[in-house]
$ cat structure11.txt   # compact mmCIF, C-alpha atoms
# COMPACT_ATOMS: atom_id res chain seq x y z
CA TRP A 20 -13.97 -3.12 -15.48
CA LYS A 21 -16.62 -5.61 -16.44
CA MET A 22 -16.97 -9.22 -15.34
CA ILE A 23 -15.28 -8.64 -11.98
CA PRO A 24 -15.24 -11.86 -9.91
CA PRO A 25 -16.11 -11.64 -6.19
CA GLY A 26 -13.15 -11.67 -3.84
CA ILE A 27 -10.23 -9.53 -2.62
CA HIS A 28 -9.27 -6.77 -5.07
CA LEU A 29 -6.48 -4.19 -5.11
CA ILE A 30 -7.13 -1.10 -7.25
CA THR A 31 -4.08 1.12 -7.71
CA CYS A 32 -3.56 4.38 -9.54
CA ARG A 33 -1.00 7.18 -9.73
CA ILE A 34 -2.54 10.58 -9.17
CA PRO A 35 -0.97 14.07 -9.35
CA SER A 36 0.12 14.28 -5.70
CA THR A 37 3.90 13.94 -5.42
CA HIS A 38 6.42 12.87 -2.84
CA PRO A 39 7.60 16.01 -0.97
CA SER A 40 11.28 15.15 -1.44
CA SER A 41 11.62 13.08 -4.61
CA GLY A 42 8.72 14.49 -6.62
CA MET A 43 7.70 10.95 -7.61
CA PRO A 44 3.99 10.23 -8.11
CA ILE A 45 2.33 8.59 -5.14
CA ARG A 46 0.46 5.34 -5.67
CA HIS A 47 -3.01 5.43 -4.12
CA THR A 48 -4.78 2.16 -3.56
CA VAL A 49 -8.16 0.78 -2.60
CA LEU A 50 -7.91 -2.71 -1.11
CA ARG A 51 -11.22 -4.36 -0.41
CA GLN A 52 -13.35 -7.43 -0.74
CA LEU A 53 -16.03 -7.17 -3.41
CA LEU A 54 -19.13 -9.31 -3.17
CA GLY A 55 -21.18 -10.74 -5.99
CA GLN A 56 -23.13 -8.08 -7.94
CA GLU A 57 -21.46 -5.32 -5.88
CA THR A 58 -20.47 -2.08 -7.61
CA LEU A 59 -17.69 0.22 -6.38
CA VAL A 60 -17.67 3.76 -7.76
CA LEU A 61 -14.81 6.18 -6.95
CA LYS A 62 -13.91 9.60 -8.27
CA TYR A 63 -10.81 11.76 -8.12
CA SER A 64 -10.96 14.84 -5.87
CA PRO A 65 -8.55 17.63 -6.98
CA GLN A 66 -9.03 19.34 -3.63
CA LYS A 67 -7.98 16.30 -1.60
CA GLU A 68 -5.71 14.89 -4.34
CA ASP A 69 -7.17 11.51 -3.59
CA LEU A 70 -9.71 8.94 -4.69
CA VAL A 71 -12.96 9.49 -2.81
CA PRO A 72 -16.35 7.72 -2.75
CA ASN A 73 -18.82 8.81 -5.36
CA ALA A 74 -21.21 9.87 -2.60
CA THR A 75 -20.73 10.46 1.14
CA ASP A 76 -23.00 11.31 4.04
CA ALA A 77 -22.83 15.05 4.73
CA THR A 78 -22.87 14.53 8.51
CA THR A 79 -20.68 11.49 9.08
CA GLY A 80 -18.58 11.55 5.91
CA GLU A 81 -19.17 7.83 5.47
CA GLU A 82 -19.47 6.26 2.04
CA ILE A 83 -22.96 5.93 0.60
CA PRO A 84 -23.19 2.89 -1.69
CA THR A 85 -23.74 3.79 -5.33
CA ILE A 86 -26.64 1.84 -6.81
CA LEU A 87 -26.28 1.02 -10.51
CA THR A 88 -28.63 -1.33 -12.29
CA GLN A 89 -27.32 -4.10 -14.49
CA GLU A 90 -29.12 -2.44 -17.41
CA HIS A 91 -27.17 0.77 -16.84
CA LEU A 92 -23.88 -1.11 -16.60
CA ARG A 93 -24.63 -2.90 -19.84
CA SER A 94 -25.22 0.48 -21.49
CA LEU A 95 -21.66 1.45 -20.49
CA ASP A 96 -20.17 -1.81 -21.72
CA SER A 97 -18.34 -0.22 -24.65
CA GLU A 98 -16.50 2.04 -22.20
CA LEU A 99 -15.48 -0.69 -19.77
CA ALA A 100 -12.32 -2.79 -19.96
CA ALA A 101 -12.46 -6.54 -19.55
CA TYR A 102 -11.17 -7.77 -16.19
CA PRO A 103 -7.83 -9.63 -16.57
CA LEU A 104 -9.32 -13.00 -15.67
CA HIS A 105 -6.20 -14.84 -16.92
CA ARG A 106 -4.42 -13.56 -13.79
CA TRP A 107 -7.26 -14.21 -11.36
CA SER A 108 -6.20 -17.69 -10.21
CA ALA A 109 -2.68 -16.44 -9.38
CA TRP A 110 -4.11 -13.43 -7.54
CA GLU A 111 -6.45 -15.66 -5.53
CA ALA A 112 -3.43 -17.72 -4.45
CA LEU A 113 -1.58 -14.55 -3.41
CA THR A 114 -4.50 -13.54 -1.16
CA SER A 115 -5.72 -17.00 -0.10
CA CYS A 116 -5.53 -16.20 3.64
CA VAL A 117 -6.82 -12.60 3.46
CA SER A 118 -10.30 -11.66 4.66
CA ASP A 119 -12.08 -8.32 4.72
CA GLU A 120 -11.45 -8.19 8.46
CA ASP A 121 -7.69 -8.46 7.84
CA ILE A 122 -7.86 -5.52 5.43
CA VAL A 123 -9.81 -3.33 7.87
CA ARG A 124 -7.45 -4.15 10.72
CA LEU A 125 -4.44 -3.28 8.60
CA VAL A 126 -5.48 -0.16 6.68
CA GLY A 127 -8.71 1.01 8.33
CA PRO A 128 -12.43 1.01 7.50
CA LYS A 129 -11.96 3.10 4.33
CA ARG A 130 -9.73 0.31 3.00
CA LYS A 131 -7.46 2.88 1.36
CA LEU A 132 -3.71 3.40 1.54
CA ASP A 133 -0.86 4.90 -0.43
CA SER A 134 2.86 4.37 -0.90
CA LEU A 135 3.70 6.77 1.96
CA PHE A 136 1.73 4.98 4.68
CA GLU A 137 3.97 4.07 7.62
CA SER A 138 3.71 1.35 10.24
CA PRO A 139 4.26 1.96 13.98
CA ALA A 140 5.66 -1.58 14.11
CA ASP A 141 8.73 -0.37 12.16
CA ASP A 142 10.13 1.02 15.40
CA GLU A 143 9.94 -2.44 17.02
CA VAL A 144 8.96 -0.87 20.32
CA GLU A 145 7.41 -2.83 23.17
CA PRO A 146 4.33 -4.15 21.35
CA LYS A 147 0.74 -3.78 22.40
CA LYS A 148 -1.77 -6.36 21.30
CA TYR A 149 -2.54 -6.40 17.61
CA GLY A 150 -5.42 -4.01 16.90
CA GLU A 151 -5.17 -2.29 20.31
CA GLN A 152 -2.69 0.48 19.58
CA SER A 153 -3.30 3.76 21.35
CA GLY A 154 -5.32 6.40 19.56
CA THR A 155 -7.39 4.00 17.49
CA ALA A 156 -11.16 4.03 17.25
CA LYS A 157 -13.33 0.94 17.28
CA ILE A 158 -15.36 0.28 14.14
CA THR A 159 -17.47 -2.60 12.92
CA ASP A 160 -16.58 -4.65 9.85
CA ARG A 161 -19.00 -6.41 7.50
CA ALA A 162 -19.18 -9.47 9.74
CA GLY A 163 -20.16 -7.31 12.71
CA SER A 164 -16.81 -7.80 14.51
CA GLN A 165 -15.24 -4.95 16.44
CA VAL A 166 -11.94 -3.91 14.90
CA SER A 167 -9.72 -0.83 15.09
CA SER A 168 -9.28 2.10 12.75
CA THR A 169 -5.64 2.57 11.77
CA ASP A 170 -5.95 6.34 11.23
CA GLY A 171 -3.62 6.54 8.24
CA HIS A 172 -1.15 3.87 9.34
CA LEU A 173 -0.49 0.24 8.46
CA MET A 174 -1.11 -1.75 11.62
CA TYR A 175 1.18 -4.73 11.11
CA ALA A 176 1.59 -6.92 14.18
CA PRO A 177 4.47 -5.44 16.20
CA PHE A 178 7.24 -7.59 17.65
CA ASP A 179 10.95 -7.17 18.28
CA LEU A 180 13.18 -9.75 16.57
CA ARG A 181 16.08 -8.54 18.70
CA ARG A 182 14.34 -9.64 21.91
CA SER A 183 13.00 -13.07 21.12
CA TRP A 184 13.03 -14.78 24.53
CA ARG A 185 10.53 -14.87 27.37
CA LYS A 186 10.51 -12.36 30.19
CA GLY A 187 12.62 -13.66 33.05
CA ALA A 188 14.81 -15.89 30.86
CA VAL A 189 18.50 -15.96 31.75
CA GLY A 190 21.72 -17.57 30.62
CA GLU A 191 21.44 -20.46 28.18
CA GLU A 192 17.79 -19.78 27.40
CA VAL A 193 18.53 -16.21 26.31
CA THR A 194 21.41 -17.42 24.16
CA LEU A 195 19.28 -20.15 22.57
CA TYR A 196 16.27 -18.03 21.72
CA SER A 197 18.26 -15.02 20.57
CA LYS A 198 19.05 -17.17 17.51
CA ASP A 199 16.08 -19.52 17.40
CA LYS A 200 12.87 -17.47 17.15
CA SER A 201 10.53 -20.33 18.14
CA TRP A 202 9.50 -18.79 21.46
CA LEU A 203 8.82 -15.44 19.83
CA LEU A 204 6.76 -17.03 17.04
CA GLN A 205 4.38 -18.77 19.43
CA HIS A 206 4.27 -15.62 21.57
CA VAL A 207 3.31 -13.45 18.57
CA ILE A 208 0.55 -15.87 17.54
CA LYS A 209 -0.84 -15.81 21.06
CA GLU A 210 -0.50 -12.11 21.88
CA GLN A 211 -1.07 -10.54 18.46
CA PHE A 212 -3.47 -13.00 16.87
CA GLY A 213 -5.38 -14.45 19.79
CA GLY A 214 -3.94 -17.94 20.30
CA GLY A 215 -2.93 -20.92 18.26
CA GLU A 216 -5.70 -23.50 18.42
CA PHE A 217 -6.21 -25.56 15.29
CA HIS A 218 -9.89 -25.27 14.33
CA LEU A 219 -11.46 -28.01 12.26
CA ALA A 220 -13.62 -25.28 10.77
CA LEU A 221 -10.54 -24.07 8.90
CA GLN A 222 -12.07 -25.76 5.86
CA THR A 223 -14.89 -23.23 5.83
CA ALA A 224 -14.71 -19.83 4.19
CA ARG A 225 -15.70 -17.87 7.28
CA ALA A 226 -12.72 -15.89 8.54
CA ASP A 227 -13.92 -15.92 12.15
CA HIS A 228 -13.59 -19.73 12.19
CA GLN A 229 -10.08 -19.83 10.77
CA ALA A 230 -7.13 -20.73 12.94
CA ASP A 231 -5.37 -17.74 14.44
CA TYR A 232 -2.10 -18.46 12.66
CA VAL A 233 -3.91 -17.81 9.36
CA ARG A 234 -4.24 -14.18 10.46
CA LEU A 235 -0.44 -14.08 10.69
CA LEU A 236 -0.16 -15.47 7.15
CA ALA A 237 -2.74 -12.92 5.99
CA GLN A 238 -0.38 -10.16 7.07
CA VAL A 239 2.50 -11.86 5.26
CA GLN A 240 0.41 -11.91 2.07
CA LEU A 241 -0.80 -8.33 2.50
CA ALA A 242 2.72 -7.04 3.16
CA PHE A 243 3.92 -8.66 -0.07
CA ILE A 244 1.18 -7.43 -2.39
CA ILE A 245 1.20 -3.91 -0.90
CA PHE A 246 4.96 -3.62 -1.28
CA VAL A 247 5.03 -4.99 -4.84
CA ASN A 248 1.94 -3.21 -6.16
CA VAL A 249 1.87 0.00 -4.11
CA GLN A 250 5.64 0.38 -3.59
CA ASN A 251 5.12 0.88 0.13
CA PHE A 252 8.43 0.61 2.00
CA SER A 253 6.88 -0.11 5.41
CA SER A 254 5.25 -3.20 3.92
CA LEU A 255 8.64 -4.40 2.71
CA LEU A 256 10.02 -4.03 6.24
CA ALA A 257 7.03 -5.92 7.63
CA PHE A 258 7.43 -8.73 5.10
CA LYS A 259 11.11 -9.09 6.00
CA ARG A 260 10.33 -9.22 9.73
CA PHE A 261 7.62 -11.85 9.28
CA LEU A 262 9.84 -13.98 7.04
CA ALA A 263 12.79 -13.82 9.43
CA LEU A 264 10.50 -14.80 12.33
CA LEU A 265 9.09 -17.82 10.50
CA ALA A 266 12.32 -18.92 8.82
CA ARG A 267 14.42 -19.02 11.99
CA SER A 268 12.14 -21.02 14.29
CA GLU A 269 13.63 -24.51 14.37
CA ARG A 270 12.47 -25.75 17.77
CA ILE A 271 8.85 -24.90 17.02
CA PHE A 272 8.59 -28.26 15.19
CA SER A 273 9.68 -30.36 18.16
CA GLN A 274 8.86 -27.95 21.00
CA GLU A 275 11.97 -29.32 22.70
CA GLY A 276 12.71 -27.23 25.77
CA LEU A 277 10.16 -24.67 24.58
CA PHE A 278 7.97 -22.83 27.04
CA THR A 279 4.62 -23.18 25.23
CA GLU A 280 2.23 -20.29 25.67
CA GLY A 281 -0.41 -20.38 22.98
CA GLY A 282 -1.43 -24.02 22.92
CA LEU A 283 0.29 -24.54 19.57
CA MET A 284 -0.09 -28.16 18.55
CA LEU A 285 2.27 -29.91 16.16
CA ALA A 286 -0.55 -30.33 13.62
CA THR A 287 -1.09 -26.58 13.74
CA ILE A 288 2.58 -25.87 13.18
CA GLN A 289 2.81 -28.21 10.21
CA GLU A 290 -0.29 -26.66 8.62
CA LEU A 291 1.16 -23.19 9.21
CA TYR A 292 4.37 -24.03 7.38
CA VAL A 293 2.64 -25.86 4.54
CA LYS A 294 0.61 -22.71 3.86
CA LEU A 295 3.71 -20.53 4.27
CA LEU A 296 5.71 -22.56 1.74
CA ARG A 297 2.87 -22.44 -0.77
CA THR A 298 2.50 -18.68 -0.23
CA LEU A 299 6.22 -18.04 -0.78
CA THR A 300 6.15 -20.19 -3.92
CA ILE A 301 3.32 -18.26 -5.56
CA GLN A 302 4.96 -14.99 -4.50
CA LEU A 303 8.22 -15.89 -6.24
CA GLU A 304 6.31 -17.07 -9.30
CA SER A 305 4.35 -13.81 -9.48
CA LEU A 306 7.35 -11.47 -9.55
CA PRO A 307 8.45 -9.99 -12.89
CA ASP A 308 11.63 -11.46 -14.37
CA THR A 309 13.40 -8.10 -13.89
CA PHE A 310 12.26 -7.60 -10.30
CA PHE A 311 15.66 -8.18 -8.67
CA THR A 312 17.94 -7.20 -11.57
CA VAL A 313 16.23 -3.96 -12.63
CA ASP A 314 13.30 -2.93 -10.42
CA LEU A 315 15.13 -3.43 -7.10
CA ALA A 316 18.74 -3.68 -8.27
CA GLY A 317 21.21 -2.80 -5.54
CA THR A 318 18.73 -3.04 -2.65
CA GLY A 319 20.02 -6.37 -1.33
CA LEU A 320 16.51 -7.85 -1.30
CA GLN A 321 17.52 -10.78 -3.49
CA ASP A 322 20.31 -11.80 -1.10
CA PHE A 323 17.97 -11.38 1.87
CA LEU A 324 15.29 -13.63 0.37
CA ARG A 325 17.78 -16.30 -0.65
CA GLU A 326 19.33 -16.34 2.84
CA GLU A 327 15.95 -16.49 4.59
CA LEU A 328 14.71 -19.29 2.35
CA GLU A 329 17.87 -21.23 3.10
CA ALA A 330 17.28 -20.63 6.84
CA LEU A 331 13.66 -21.79 6.42
CA PHE A 332 14.68 -25.04 4.71
CA ARG A 333 17.34 -25.62 7.36
CA SER A 334 14.88 -25.02 10.22
CA ILE A 335 12.36 -27.46 8.75
CA MET A 336 14.95 -30.19 8.18
CA ARG A 337 16.71 -29.81 11.53
CA GLY A 338 13.40 -29.40 13.35
CA HIS A 339 12.44 -32.90 12.21
CA SER A 340 15.87 -34.49 12.67
CA GLY A 341 14.82 -36.13 15.93
CA THR A 342 11.65 -37.64 14.50
CA GLY A 343 12.96 -38.94 11.19
CA ALA A 344 12.21 -37.57 7.74
CA VAL A 345 10.22 -34.42 7.08
CA PRO A 346 6.53 -35.41 6.61
CA SER A 347 5.52 -35.67 2.96
CA ASP A 348 2.79 -33.03 3.38
CA LEU A 349 5.54 -30.57 4.35
CA ASN A 350 8.36 -31.91 2.19
CA GLU A 351 6.45 -31.61 -1.09
CA PRO A 352 5.77 -27.83 -0.90
CA MET A 353 9.31 -27.29 0.41
CA MET A 354 10.79 -29.02 -2.66
CA ARG A 355 8.41 -27.07 -4.90
CA LEU A 356 9.60 -23.75 -3.44
CA ARG A 357 13.24 -24.81 -3.74
CA ASN A 358 12.76 -25.74 -7.41
CA VAL A 359 10.98 -22.49 -8.28
CA ALA A 360 13.77 -20.45 -6.67
CA ARG A 361 16.40 -22.45 -8.56
CA GLU A 362 14.67 -22.34 -11.95
CA ARG A 363 13.59 -18.68 -11.91
CA TYR A 364 16.48 -17.04 -10.08
CA GLN A 365 19.26 -19.65 -10.09
CA TRP A 366 19.36 -19.67 -6.30
CA GLU A 367 21.25 -22.62 -4.88
CA PHE A 368 20.75 -23.76 -1.31
CA GLU A 369 23.08 -25.72 0.94
CA ASP A 370 21.86 -28.84 2.65
CA GLY A 371 21.86 -27.53 6.21
CA SER A 372 20.29 -30.56 7.86
CA SER A 373 23.57 -31.61 9.46
CA LYS A 374 24.57 -28.19 10.76
CA THR A 375 24.18 -27.23 14.37
CA SER A 376 22.70 -24.07 15.79
CA GLU A 377 26.18 -22.88 16.70
CA ASP A 378 27.04 -22.73 12.99
CA ASP A 379 24.40 -20.09 12.33
CA GLU A 380 25.32 -16.46 12.22
CA SER A 381 23.35 -14.26 14.58
CA LEU A 382 20.83 -11.84 13.10
CA GLU A 383 22.36 -9.02 15.15
CA GLU A 384 25.07 -7.12 13.34
CA GLY A 385 26.87 -3.80 13.65
CA GLU A 386 25.93 -1.93 16.81
CA ASP A 387 23.55 -4.77 17.80
CA ALA A 388 26.29 -7.42 17.68
CA PRO A 389 27.08 -9.13 21.01
CA VAL A 390 30.22 -8.01 22.82
CA ILE A 391 32.33 -9.50 25.61
CA VAL A 392 32.37 -7.41 28.76
CA GLU A 393 34.07 -7.80 32.12
CA LEU A 394 31.75 -8.33 35.06

$ encode --input "structure11.txt" --output "structure tokens"
Amino acid sequence: WKMIPPGIHLITCRIPSTHPSSGMPIRHTVLRQLLGQETLVLKYSPQKEDLVPNATDATTGEEIPTILTQEHLRSLDSELAAYPLHRWSAWEALTSCVSDEDIVRLVGPKRKLDSLFESPADDEVEPKKYGEQSGTAKITDRAGSQVSSTDGHLMYAPFDLRRSWRKGAVGEEVTLYSKDKSWLLQHVIKEQFGGGEFHLALQTARADHQADYVRLLAQVQLAFIIFVNVQNFSSLLAFKRFLALLARSERIFSQEGLFTEGGLMLATIQELYVKLLRTLTIQLESLPDTFFTVDLAGTGLQDFLREELEALFRSIMRGHSGTGAVPSDLNEPMMRLRNVARERYQWEFEDGSSKTSEDDESLEEGEDAPVIVEL
């Protein structure tokens, strides 16, 4: 490609390796942040059946940057394809919260993954802190920060939606927060992403100055683009977990009866949901028209998304019922998302502002459904 703008890029290709059971080609992907005037050169290795750096250190195996002069690149111009700049603004919106550090934490220092990568968080076991899973090696990213190698896995933040109340909670509190995920949301931001303080430096481009909740949104954005573009099933599961967590946290807006842990301020929460609504809007707008009817027909994803968006709208409206109307800064992107869903997919949403928490159906179904027992 020529005329590549600096920023986050996802380069995907199908190479001859096949899925051991289905025989389908595996999508291999390089996901990295390219800087101005930076050149990335990869080649296909038949031995490894993978994309590999053009040159590596014989001792460490690390990538050696390929130096190409602008004169040499111009001599290859007839063989290069023009970058699809007409899609760049939409892609920037899809990755607006993602930094190079987020990529390294998720897929490792090589910034490579494929459609078969799995995530330990899928098991929803007792989570360790994000980036501190056992068996990982510390590496240094471009900013000099210590992060963890994922060793062939996608390290999405682990949390268990089925246990969404604080340790030691009993009775009414367990019942309340088994449905309302507000306690779990603030807990995840604190334990997996380092806190919840709202930094004024959020306006800057430096990732290390961004509010911690932006790191949560970065994983939401990465899960979406990896699932859609790489067809990675673990990323779909991660996206669904993140969306359910955020959509079903009503009390986070008022903090009524909520045991606060991460110092989450109301301004932080509102900014979090404004960015979430804008992210979900651009994600729906970016999907092909046949995504639900052909590409993923029969998977139930369309019903899941519609139900979670309805839960999200309901949580926002009910969360502000005690303080009056939803603030305009939050209401505008919410209406925008609602309109896009209606116009593109004919999704209709009920006005759930007058419903009570008891009207909601629990997320637990089947063998996880609550049962009445004799004491």

$ residues_around --input "structure11.txt" --residues "segment 337-349 of chain A" --least-positions-apart "2" --cutoff "6 Å" --atoms "all atoms listed in the file" --output "list in words"
Glu269, Arg270, Phe272, Val293, Arg333, Ser334, Ile335, Glu351, Pro352 and Ser372 of chain A

$ residues_around --input "structure11.txt" --residues "Arg46 of chain A" --least-positions-apart "6" --cutoff "8 Å" --atoms "all atoms listed in the file" --output "list in words"
Thr31, Cys32, Arg33, Ile34, Asp133, Ser134, Val249 and Gln250 of chain A

$ axis_aligned_box --input "structure11.txt" --around "segment 203-213 of chain A" --padding-each-side "4 Å" --output "AutoDock Vina command-line options"
--center_x 1.7 --center_y -14.7 --center_z 19.4 --size_x 22.2 --size_y 16.2 --size_z 13.0

$ atom_distance --input "structure11.txt" --atom1 "atom CA of Ala286 of chain A" --atom2 "atom CA of Gln240 of chain A"
21.8 Å

$ closest_residue --input "structure11.txt" --among "A:Leu135, A:Ala101, A:Leu50, A:Leu320" --to "Thr114 of chain A" --atoms "all atoms listed in the file"
A:Leu50

$ closest_residue --input "structure11.txt" --among "A:Asp199, A:Glu290, A:Asp231, A:Glu81" --to "Ala330 of chain A" --atoms "only C-alpha atoms"
A:Asp199

$ closest_residue --input "structure11.txt" --among "A:Phe323, A:Phe311, A:Phe243, A:Phe252" --to "Ala266 of chain A" --atoms "all atoms listed in the file"
A:Phe323

$ atom_distance --input "structure11.txt" --atom1 "atom CA of Leu29 of chain A" --atom2 "atom CA of Val49 of chain A"
5.8 Å

$ atom_distance --input "structure11.txt" --atom1 "atom CA of Glu210 of chain A" --atom2 "atom CA of Glu326 of chain A"
27.8 Å

$ residues_around --input "structure11.txt" --residues "Ile23 of chain A" --least-positions-apart "4" --cutoff "9 Å" --atoms "only C-alpha atoms" --output "number ranges by chain"
A: 53, 55-56, 101-104

$ residues_near_point --input "structure11.txt" --point "(17.6, -9.4, 25.6)" --cutoff "8 Å" --atoms "all atoms listed in the file" --output "list in words"
Arg181, Arg182, Ser183, Trp184, Val193 and Ser197 of chain A

$ closest_residue --input "structure11.txt" --among "A:Ser305, A:Glu57, A:Ser254, A:Gln205" --to "Gln89 of chain A" --atoms "all atoms listed in the file"
A:Glu57

$ closest_residue --input "structure11.txt" --among "A:Val247, A:Leu99, A:Val117, A:Leu92" --to "Leu303 of chain A" --atoms "only C-alpha atoms"
A:Val247

$ residues_around --input "structure11.txt" --residues "Glu369 of chain A" --least-positions-apart "4" --cutoff "12 Å" --atoms "all atoms listed in the file" --output "PDB file with C-alpha atoms, in the frame of the given file"
ATOM      1  CA  ARG A 325      17.780 -16.300  -0.650  1.00  0.00           C
ATOM      2  CA  GLU A 326      19.330 -16.340   2.840  1.00  0.00           C
ATOM      3  CA  LEU A 328      14.710 -19.290   2.350  1.00  0.00           C
ATOM      4  CA  GLU A 329      17.870 -21.230   3.100  1.00  0.00           C
ATOM      5  CA  ALA A 330      17.280 -20.630   6.840  1.00  0.00           C
ATOM      6  CA  LEU A 331      13.660 -21.790   6.420  1.00  0.00           C
ATOM      7  CA  PHE A 332      14.680 -25.040   4.710  1.00  0.00           C
ATOM      8  CA  ARG A 333      17.340 -25.620   7.360  1.00  0.00           C
ATOM      9  CA  MET A 336      14.950 -30.190   8.180  1.00  0.00           C
ATOM     10  CA  ARG A 357      13.240 -24.810  -3.740  1.00  0.00           C
ATOM     11  CA  SER A 373      23.570 -31.610   9.460  1.00  0.00           C
ATOM     12  CA  LYS A 374      24.570 -28.190  10.760  1.00  0.00           C
TER      13      LYS A 374
END

$ closest_residue --input "structure11.txt" --among "A:Ser94, A:Ser108, A:Ser115, A:Thr85" --to "Lys294 of chain A" --atoms "all atoms listed in the file"
A:Ser115
